[in-house]
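Student: Structure provided below as structure tokens; questions to follow.
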Amino acid sequence: MFRVLIADDENSVVQSLVCSIPWEELGLEVVRTASDGAAVLEYVEKEEVDIAILDIRMPGVNGLELCSEMRKKNERIQLIIASGYAEFAYAEKAIQYGVIGYCLKPLDHAQVARFLRKAVHNLRRARHMPDREDLMEVLERRTEHEIRECLARFGFYQEKYFVAVSSGERKLDALEAGGVSIRLGRGQWGYIMRTNRIGQLGDAIYDQPDWSGIGYIQQALSGELIYEAFEECIARAFQYFVDGENKVCDRLDEWRANRWLDGIQKKVAAGQWDSLKSMLEETGQKGREDFTVRSALRLCNMIFAHSLFQNEENDYYIYSIEQLVDTYGDFMEMLRQLQRFLEENAAVTENEQNFTNATFLKLVRYINENYRNEISLTGAEQVMNMNSNYISQLFKKETGITFVHYITQKRIEDAKELLTSTKKPLTDIALEVGFNDTFHFIKTFKRYVGMTPGQYRANN
């Protein structure tokens, strides 16, 4: 826990901060409150303080003078100024003392919390403390020297690393014992290891509890390749979706499914829906062993992208492997549901629509109440008692944007609020707002906001 001092001659301000900020959640402890500058100086002579929230105008020694004195004693101290005055001179002087935040009264507690999170981040980096949130951001940037520096905080000093991913409810202690674990999403755990723990454990890996599948790469990799390696290992960890028995996977042959996908693509393009249904059935009978979980994902989206479904590809698209597994359970069930989907939607035409304002309001209410959960057109279809293609058309007609685009916007807005008002890790935020996959969350956030979640948090 980092130690915080609060100094303000208005006791009500001090008490409101003490009571309103989630100190423990932020990894902080208020060790001292004071009403004048002299008391502050007396305390810091004897005790260590990591963060100080100071009022500019206090009896005796004022806040700016305190900044100067405290900075001399501890150059890493994080300083936040509170003031009832907005004159530029105060802010300019505060900047000279390295103040990280300047808050006007009455204080906005959410703003104070944002500055506190920035302070914690600065302190952790200054002390070279392991920080998994930093690690995810650094891996995403793919800069070798930065990754090696970050991994050194976790005790990694070699130039190459072994990577694995497990799918399941809990991480595997047997893999974490050889390195560091990162939660990559709901039911996804990534491992960076000093040695190939999978090879060392051998058959003993099957005795590990609470996992569904493991994907790994046999070769040691440089730091800049870890991010892509995690994405590859996620696919391998979920390969059991297709064959059921392949619980530990170290390779995927994507090319084997091409002959099936090429045939399916031609029938989709030609609008041969009856023939396509027959081919999906044949794929289940003869082609299963040729598919990977990734080529299964391609098959789904190949069908959903066609103009038969009003070009609403965002409403039907499956965006991640984890979403595919969650939606269908296994490959054979996916094929059965795709066949049913074709039967239900092929006959839908624009003339068959019968929308009402009440129907649309019911749909919006359902989305607003459930968008943080696993929400889809299939779920909306059951609630609305309406064909999913009708729902897609209705939403686009009434709002001008797609069903999924609306949900994504709401999730991103929630994520922005959590990034600036809590110290929660990126993975926890992703899960809380409805993203099952941290990689998909980071990519989507960057596409919508123009920066990564970590960059947004640092700037706000």
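Here, A, B, ... name the chains of the structure tokens in the order displayed, residue numbers run from 1 inside each chain, and ligands are numbered from 1 in the same displayed order.
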Would you mind listing, for every residue of range 259-326 of chain A within 8 Å of range 436-459 of chain A, the two atoms forming the shortest contact and the distance between them in Å to one decimal, using only C-alpha atoms, sorted by chain and ascending residue number, as CSV?

Tutor:
```
residue,atom,partner,partner_atom,distance
A:Tyr319,CA,A:His440,CA,7.8
A:Ser320,CA,A:His440,CA,7.2
A:Glu322,CA,A:Asn436,CA,7.0
A:Gln323,CA,A:Asn436,CA,7.2
```

Student: Please identify which residues in range 186-431 of chain A DSSP calls helix (DSSP H, G or I) from the backbone, and express them as a PyMOL selection string.

Tutor: chain A and resi 197-207+223-237+240-243+254-270+273-290+293-304+307-309+313-316+321-328+331-345+350-352+357-370+377-384+388-399+403-421+426-431

Student: Just want the 6 Å neighbourhood of range 5-8 of chain A, counted on only C-alpha atoms, with same-chain residues fewer than 2 positions away dropped. Output as a list of chain:residue names.

Tutor: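 Surrounding residues, per the criterion: A:Glu10, A:Val30, A:Arg32, A:Thr33, A:Ala34, A:Ser35, A:Ala52, A:Ile53, A:Leu54, A:Asp55.
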
Student: Just the residues within 9 Å of Met332 in chain A, please, counting only C-alpha atoms, with nothing from its chain fewer than 4 positions along; format it as a tab-separated table (two decimals) with C-alpha atoms, in the first residue's frame.

Tutor:
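Okay, part23.tsv is ready:
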```
chain	number	residue	atom	x	y	z
A	242	VAL	CA	-13.55	-28.92	-33.16
A	284	GLY	CA	-19.81	-32.37	-40.41
A	288	ARG	CA	-14.42	-32.20	-39.30
A	328	TYR	CA	-22.05	-22.86	-30.12
A	336	ARG	CA	-26.50	-27.58	-37.00
A	337	GLN	CA	-27.31	-24.03	-35.93
```

Student: CA of Ala82 in chain A and CA of Lys105 in chain A are how many Å apart?

Tutor: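 Result for CA of Ala82 in chain A versus CA of Lys105 in chain A: 6.8 Å, one decimal.
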
Student: Using only C-alpha atoms, which residue out of A:Thr327, A:Gln382, A:Gln218, A:Asn373 lies closest to Gly199 in chain A?

Tutor: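 Checking each candidate against Gly199 in chain A, we get A:Gln218 as the closest.
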
Student: Taking only C-alpha atoms into account, name the residue in A:Arg197, A:Gln272, A:Leu363, A:Arg76 that is nearest to Ala177 in chain A.

Tutor: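 Under the stated criterion, the closest residue is A:Arg197.
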
Student: Please identify all polymer residues within 9 Å of range 259-263 of chain A, counting only C-alpha atoms, omitting same-chain residues fewer than 4 positions from it, and present them as a VMD selection string.

Tutor: chain A and resid 255 267 to 268 276 279 283 287 290 to 291 295 298 to 299 302

Student: Find the residues near Gly84 in chain A: any atom within 9 Å, counting only C-alpha atoms, skip ones fewer than 5 places away on the same chain, and give them as a list in words.

Tutor: Asp55, Ile56, Arg57, Cys103, Leu104, Lys105 and Pro106 of chain A

Student: Find the spatial neighbours of Ile264 in chain A, counting only C-alpha atoms, within a cut-off of 12 Å - ignore same-chain residues fewer than 6 positions away - and output them as a list in words.

Tutor: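 In the requested form, the answer reads Ala257, Asn258, Ala270, Gly271, Gln272, Trp273, Asp274, Ser275, Leu276, Lys277, Ser278, Met279, Leu280, Glu281, Glu282, Thr283, Ala296, Arg298, Leu299, Cys300, Asn301, Met302, Ile303 and His306 of chain A.
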
Student: Suppose you want the space between CA of Glu381 in chain A and CA of Gln265 in chain A; what is it in Å?

Tutor: 26.5 Å

Student: Would you please work out which residue, of A:Gly187, A:Leu225, A:Ser167, A:Ser16, is nearest to Cys249 in chain A when using only C-alpha atoms?

Tutor: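 Among the listed residues, A:Ser167 lies closest to Cys249 in chain A.
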
Student: Please indicate the distance in Å from CA of Thr422 in chain A to CA of Arg183 in chain A, rounded to one decimal place.

Tutor: 18.1 Å

Student: Of the residues A:Asn460, A:Ser166, A:Thr195, A:Asn11, which is the one nearest to Arg236 in chain A, using only C-alpha atoms?

Tutor: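 Checking each of A:Asn460, A:Ser166, A:Thr195, A:Asn11 against Arg236 in chain A, counting only C-alpha atoms, the winner is A:Ser166.
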
Student: Quick one: DSSP strand (DSSP E or B) residues in range 142-218 of chain A, as a ChimeraX atom specification?

Tutor: /A:160-167,179-185,188-193,213-216

Student: Measuring atom to atom with only C-alpha atoms, identify which of A:Gly98, A:Ala113, A:Lys286, A:Asp50 is nearest to Cys67 in chain A.

Tutor: A:Gly98
